[in-house]
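Visitor: My questions will all concern the structure given below.
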Amino acid sequence: MNHPITLTVNGVVREATVPARRLLSDCLRHDLGLTGTHVGCEHGVCGACTVLLDGEPVRSCLMFAATADGHEITTVEGLAAADGTLSPAQRAFAECHGLQCGFCTPGFLCTVTAFLRENAAPTDEEVVEAISGNLCRCTGYQNIIKAVHRAAELQAETRADKEEGAR
Ligand code: FES
Ligand code: FES
């Protein structure tokens with residue numbers, strides 16, 4: 001049996017009709033065409049499929065699309081500003097070479113974006129803990145850790161610029 005669902009994805013109301021057991025990751029990729037969300041293990045281990053559900057990171061391969069009905073989702077496609085300006089985390093990953101093949105990157109970016117909202121100036125240990133649910137087969141993690149610290153700096157600069165502009 002199919003269910004009509006409505007999701008707000010990256011600020012846009014999207015509708016789909018899905019079987020009860022359709023995974024949110026498959027709904028995003030196949031029904032809504034948002035292929036930035038990657039699927040690796042499909043059983044909750046690798047974190048590649050991480051998206052934000054009402055601002056909190058979730059593994060979209062572990063959630064049914066129907067469960068997300070009525071909620072707000074942010075995927076990697078929604079992290080940049082409307083004018084295309086990359087988010088602090090996106091800029092930092094590029095600057096610090098926090099990716100190689102890029103398969104894991106959308107999941108890392110979503111995880112890190114939510115993390116830095118809660119902890120704007122993390123320690124190394126806090127960063128390692130925050131990204132411990134995201135697996136990367138390429139980078140050895142050191143540049144990802146650097147990228148998270150750089151993202152925190154860029155986020156602070158962006159906030160300071162906004163405050164300056166508001167004066
Ligand atoms: S694809 Fe979802 S955790 Fe690996
Ligand atoms: S950059 Fe290849 S898996 Fe992380």
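Chain labels A, B, ... are given in the sequence in which chains occur in the structure tokens; within each chain residues are numbered consecutively from 1, and ligands are likewise numbered from 1 in the order shown.
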Give me the residues near range 99-113 of chain A as a ChimeraX atom specification, where near means some atom within 7 Å (using only C-alpha atoms) and where sequence neighbours in that chain fewer than 6 positions away do not count.

Guide: /A:36-38,47-52,57,76,89-90,93,134-136,138-139,148

Visitor: Keeping only N, CA and C atoms, write the selected residues as a PDB file, in the first residue's frame.

Guide:
ATOM      1  N   GLY A  36      22.535  13.802  -3.833  1.00  0.00           N
ATOM      2  CA  GLY A  36      23.676  14.186  -2.995  1.00  0.00           C
ATOM      3  C   GLY A  36      23.771  13.327  -1.748  1.00  0.00           C
ATOM      4  N   THR A  37      22.658  12.839  -1.264  1.00  0.00           N
ATOM      5  CA  THR A  37      22.681  11.934  -0.112  1.00  0.00           C
ATOM      6  C   THR A  37      23.140  10.565  -0.599  1.00  0.00           C
ATOM      7  N   HIS A  38      24.244  10.092  -0.056  1.00  0.00           N
ATOM      8  CA  HIS A  38      24.818   8.829  -0.526  1.00  0.00           C
ATOM      9  C   HIS A  38      24.397   7.661   0.357  1.00  0.00           C
ATOM     10  N   GLY A  47      27.241   6.120   7.969  1.00  0.00           N
ATOM     11  CA  GLY A  47      26.921   7.548   8.099  1.00  0.00           C
ATOM     12  C   GLY A  47      26.851   8.312   6.787  1.00  0.00           C
ATOM     13  N   ALA A  48      27.093   7.640   5.657  1.00  0.00           N
ATOM     14  CA  ALA A  48      27.083   8.356   4.367  1.00  0.00           C
ATOM     15  C   ALA A  48      25.726   8.969   4.062  1.00  0.00           C
ATOM     16  N   CYS A  49      24.683   8.372   4.584  1.00  0.00           N
ATOM     17  CA  CYS A  49      23.313   8.792   4.264  1.00  0.00           C
ATOM     18  C   CYS A  49      22.777   9.845   5.224  1.00  0.00           C
ATOM     19  N   THR A  50      23.647  10.393   6.091  1.00  0.00           N
ATOM     20  CA  THR A  50      23.175  11.328   7.127  1.00  0.00           C
ATOM     21  C   THR A  50      22.551  12.577   6.509  1.00  0.00           C
ATOM     22  N   VAL A  51      21.372  12.910   6.983  1.00  0.00           N
ATOM     23  CA  VAL A  51      20.707  14.172   6.633  1.00  0.00           C
ATOM     24  C   VAL A  51      20.241  14.800   7.950  1.00  0.00           C
ATOM     25  N   LEU A  52      19.743  16.016   7.870  1.00  0.00           N
ATOM     26  CA  LEU A  52      19.216  16.659   9.075  1.00  0.00           C
ATOM     27  C   LEU A  52      17.699  16.573   9.057  1.00  0.00           C
ATOM     28  N   PRO A  57      20.945  15.428  13.085  1.00  0.00           N
ATOM     29  CA  PRO A  57      21.422  14.421  12.140  1.00  0.00           C
ATOM     30  C   PRO A  57      20.731  13.069  12.329  1.00  0.00           C
ATOM     31  N   VAL A  76      22.543  17.575   1.772  1.00  0.00           N
ATOM     32  CA  VAL A  76      23.760  18.322   1.417  1.00  0.00           C
ATOM     33  C   VAL A  76      23.453  19.397   0.372  1.00  0.00           C
ATOM     34  N   ALA A  89      31.168  24.777   6.637  1.00  0.00           N
ATOM     35  CA  ALA A  89      31.674  23.395   6.602  1.00  0.00           C
ATOM     36  C   ALA A  89      32.092  23.018   5.180  1.00  0.00           C
ATOM     37  N   GLN A  90      31.309  23.387   4.199  1.00  0.00           N
ATOM     38  CA  GLN A  90      31.668  23.058   2.808  1.00  0.00           C
ATOM     39  C   GLN A  90      32.979  23.729   2.400  1.00  0.00           C
ATOM     40  N   PHE A  93      35.988  22.008   4.240  1.00  0.00           N
ATOM     41  CA  PHE A  93      36.365  20.694   3.693  1.00  0.00           C
ATOM     42  C   PHE A  93      37.159  20.873   2.398  1.00  0.00           C
ATOM     43  N   ASN A 134      30.698   8.550  11.377  1.00  0.00           N
ATOM     44  CA  ASN A 134      30.831   8.690   9.921  1.00  0.00           C
ATOM     45  C   ASN A 134      32.135   8.035   9.492  1.00  0.00           C
ATOM     46  N   LEU A 135      32.052   7.119   8.562  1.00  0.00           N
ATOM     47  CA  LEU A 135      33.253   6.406   8.124  1.00  0.00           C
ATOM     48  C   LEU A 135      33.778   6.985   6.813  1.00  0.00           C
ATOM     49  N   CYS A 136      35.118   7.080   6.749  1.00  0.00           N
ATOM     50  CA  CYS A 136      35.774   7.527   5.521  1.00  0.00           C
ATOM     51  C   CYS A 136      36.877   6.532   5.208  1.00  0.00           C
ATOM     52  N   CYS A 138      39.084   6.963   2.761  1.00  0.00           N
ATOM     53  CA  CYS A 138      40.185   7.559   1.999  1.00  0.00           C
ATOM     54  C   CYS A 138      41.134   8.424   2.823  1.00  0.00           C
ATOM     55  N   THR A 139      40.587   9.291   3.657  1.00  0.00           N
ATOM     56  CA  THR A 139      41.395  10.427   4.116  1.00  0.00           C
ATOM     57  C   THR A 139      42.261  10.143   5.337  1.00  0.00           C
ATOM     58  N   VAL A 148      37.019  20.463  10.335  1.00  0.00           N
ATOM     59  CA  VAL A 148      35.973  20.818  11.306  1.00  0.00           C
ATOM     60  C   VAL A 148      36.419  22.050  12.111  1.00  0.00           C
TER      61      VAL A 148
END

Visitor: Which residues sit within 7 Å of ligand 1, counting only C-alpha atoms and all ligand atoms, listed as a PyMOL selection string?

Guide: chain A and resi 38-50+59-62

Visitor: Pull N, CA and C atoms from the residues just selected and write them as a tab-separated table (two decimals), in the first residue's frame.

Guide:
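Just written: out_29.tsv:
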chain	number	residue	atom	x	y	z
A	38	HIS	N	24.24	10.09	-0.06
A	38	HIS	CA	24.82	8.83	-0.53
A	38	HIS	C	24.40	7.66	0.36
A	39	VAL	N	24.39	6.50	-0.24
A	39	VAL	CA	24.03	5.29	0.49
A	39	VAL	C	25.21	4.33	0.40
A	40	GLY	N	25.78	3.99	1.56
A	40	GLY	CA	26.90	3.06	1.59
A	40	GLY	C	26.46	1.70	2.08
A	41	CYS	N	26.35	1.58	3.41
A	41	CYS	CA	26.09	0.26	4.01
A	41	CYS	C	24.62	-0.12	4.02
A	42	GLU	N	23.76	0.90	4.07
A	42	GLU	CA	22.31	0.70	4.19
A	42	GLU	C	21.90	-0.05	5.45
A	43	HIS	N	22.75	-0.06	6.46
A	43	HIS	CA	22.26	-0.56	7.74
A	43	HIS	C	22.81	0.23	8.93
A	44	GLY	N	22.99	1.51	8.73
A	44	GLY	CA	23.23	2.38	9.88
A	44	GLY	C	24.64	2.44	10.38
A	45	VAL	N	25.62	1.95	9.63
A	45	VAL	CA	26.99	1.91	10.13
A	45	VAL	C	27.87	3.04	9.60
A	46	CYS	N	27.74	3.38	8.32
A	46	CYS	CA	28.76	4.23	7.68
A	46	CYS	C	28.49	5.73	7.79
A	47	GLY	N	27.24	6.12	7.97
A	47	GLY	CA	26.92	7.55	8.10
A	47	GLY	C	26.85	8.31	6.79
A	48	ALA	N	27.09	7.64	5.66
A	48	ALA	CA	27.08	8.36	4.37
A	48	ALA	C	25.73	8.97	4.06
A	49	CYS	N	24.68	8.37	4.58
A	49	CYS	CA	23.31	8.79	4.26
A	49	CYS	C	22.78	9.84	5.22
A	50	THR	N	23.65	10.39	6.09
A	50	THR	CA	23.17	11.33	7.13
A	50	THR	C	22.55	12.58	6.51
A	59	ARG	N	20.29	9.03	10.25
A	59	ARG	CA	20.71	8.15	9.15
A	59	ARG	C	19.48	7.85	8.33
A	60	SER	N	19.47	8.36	7.12
A	60	SER	CA	18.23	8.25	6.33
A	60	SER	C	17.99	6.83	5.84
A	61	CYS	N	19.01	5.95	5.96
A	61	CYS	CA	18.80	4.54	5.57
A	61	CYS	C	18.12	3.76	6.69
A	62	LEU	N	17.99	4.39	7.86
A	62	LEU	CA	17.36	3.69	8.98
A	62	LEU	C	15.96	4.21	9.25

Visitor: Could you pull out the helix (DSSP H, G or I) residues of range 18-100 of chain A from DSSP and send them as a list in words?

Guide: Leu24, Ser25, Asp26, Cys27, Leu28, Arg29, His30, Asp31, Ser60, Cys61, Leu62, Ala65, Ala66, Thr67, Ala68, Val76, Glu77, Gly78, Pro88, Ala89, Gln90, Arg91, Ala92, Phe93, Ala94 and Glu95 of chain A

Visitor: Determine, counting only C-alpha atoms, which protein, DNA and RNA residues have an atom within 6 Å of an atom of Phe64 in chain A; residues of the same chain fewer than 5 positions away are not included. Present the result as a ChimeraX atom specification.

Guide: /A:21-24

Visitor: Keeping only N, CA and C atoms, write those residues as a compact mmCIF listing (two decimals), in the first residue's frame.

Guide:
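For reference, again32.txt as written:
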# COMPACT_ATOMS: atom_id res chain seq x y z
N ARG A 21 7.38 0.83 3.38
CA ARG A 21 8.74 0.49 3.77
C ARG A 21 9.80 1.20 2.93
N ARG A 22 9.41 2.25 2.19
CA ARG A 22 10.37 3.02 1.42
C ARG A 22 11.31 3.74 2.38
N LEU A 23 12.61 3.54 2.22
CA LEU A 23 13.57 4.23 3.09
C LEU A 23 13.62 5.71 2.74
N LEU A 24 13.87 6.53 3.75
CA LEU A 24 13.99 7.96 3.49
C LEU A 24 15.12 8.22 2.50

Visitor: Assign secondary structure with DSSP using the backbone only, and return the residues of range 22-125 of chain A in strand (DSSP E or B) as a PyMOL selection string.

Guide: chain A and resi 23+50-53+56-59+64+72-74

Visitor: Could you save those same residues with C-alpha atoms as a short mmCIF file (atom, residue, chain, number, x, y, z; two decimals), in the first residue's frame?

Guide:
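Output contents, as saved in part-v2.cif:
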data_model
loop_
_atom_site.label_atom_id
_atom_site.label_comp_id
_atom_site.auth_asym_id
_atom_site.auth_seq_id
_atom_site.Cartn_x
_atom_site.Cartn_y
_atom_site.Cartn_z
CA LEU A 23 13.57 4.23 3.09
CA THR A 50 23.17 11.33 7.13
CA VAL A 51 20.71 14.17 6.63
CA LEU A 52 19.22 16.66 9.07
CA LEU A 53 15.67 15.98 10.30
CA GLU A 56 19.21 16.90 13.97
CA PRO A 57 21.42 14.42 12.14
CA VAL A 58 19.72 11.12 11.27
CA ARG A 59 20.71 8.15 9.15
CA PHE A 64 11.11 5.14 6.60
CA GLU A 72 11.84 19.33 7.68
CA ILE A 73 14.80 17.68 6.01
CA THR A 74 18.09 19.28 5.05
#

Visitor: For ligand 2, which residue out of A:Arg91, A:Arg167, A:His97, A:Arg150 is the nearest one, using only C-alpha atoms and all ligand atoms?

Guide: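 Once distances to ligand 2 are computed over only C-alpha atoms and all ligand atoms, the minimum belongs to A:His97.
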
Visitor: Which residues come within 10 Å of Thr35 in chain A, counting only C-alpha atoms, excluding same-chain residues fewer than 6 positions away, as number ranges by chain?

Guide: A: 25-29, 75-77

Visitor: Skip Ala147 in chain A itself and residues of its chain fewer than 5 positions away, then list as a PyMOL selection string all residues within 7 Å of it, counting only C-alpha atoms.

Guide: chain A and resi 92-93+96+98

Visitor: Using C-alpha atoms, can you export the residues from the last selection as a PDB file, in the first residue's frame?

Guide:
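Saved file selection-v5.pdb follows:
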ATOM      1  CA  ALA A  92      36.471  24.216   5.152  1.00  0.00           C
ATOM      2  CA  PHE A  93      36.365  20.694   3.693  1.00  0.00           C
ATOM      3  CA  CYS A  96      41.626  21.572   4.165  1.00  0.00           C
ATOM      4  CA  GLY A  98      38.887  16.967   3.937  1.00  0.00           C
TER       5      GLY A  98
END

Visitor: A:Thr8, A:Asn143, A:Thr17, A:Gln155: which is nearest Glu95 in chain A, counting only C-alpha atoms?

Guide: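 Among the listed residues, A:Asn143 lies closest to Glu95 in chain A.
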
Visitor: Check the smallest atom-to-atom distance from each of A:Ala68, A:Ala121, A:Val127, A:Ala160 to Ile144 in chain A using only C-alpha atoms, then report the winner.

Guide: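 Checking each of A:Ala68, A:Ala121, A:Val127, A:Ala160 against Ile144 in chain A, counting only C-alpha atoms, the winner is A:Val127.
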